[in-house]
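Chemist: The structure's right below; bear with me while I get my questions together.
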Amino acid sequence: MKFTCEQHPGLIVHDLGVTFVDGEAEVDAKTAAALRTLPAELGVREAGKSEGRRTQPE
């Protein structure tokens, strides 16, 4: 699975052994599940998925 991080294109998540290169990282399913739990402020998301945490203006 591919994950992106436009906010921090060289992000390294040591605990998971993930290094983003040019804002992208390829990970297995177990690591993907762990990446989904990271704080939204980091900007890590599955490629092709919207952020989904933004609220719509009223």
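Residue numbering restarts at 1 for every chain of the structure tokens, chains are lettered A, B, ... in their displayed order, and ligands are numbered from 1 as they appear.
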Pick out each residue of chain A that DSSP on the backbone tags as alpha helix (DSSP H); I need them as a VMD selection string.
Modeler: chain A and resid 29 to 35
Chemist: Please extract the residues of chain A with a backbone DSSP assignment of strand (DSSP E or B) and present them as an MDAnalysis selection string.
Modeler: chainID A and resid 2:5 12:13 18:19 21 24:26 44:46
Chemist: Write out as number ranges by chain the residues lying within 8 Å of segment 9-21 of chain A, counting only C-alpha atoms and excluding same-chain residues fewer than 5 positions away.
Modeler: A: 4, 27, 31, 34
Chemist: Please provide the set of residues having any atom within 12 Å of Lys49 of chain A, restricted to only C-alpha atoms, with same-chain residues fewer than 4 positions apart removed, written as a list in words.
Modeler: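 Surrounding residues, per the criterion: Met1, Lys2, Phe3, Thr4, Cys5, Arg36, Gly43, Val44, Arg45 and Arg53 of chain A.
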Chemist: Provide the atom CA of Asp22 of chain A to atom CA of Glu41 of chain A distance in Å, to one decimal place.
Modeler: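 Computing it gives 18.2 Å between the two atoms.
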Chemist: Please compute the atom CA of Glu24 of chain A-atom CA of Gln7 of chain A distance, one decimal, in Å.
Modeler: 11.0 Å
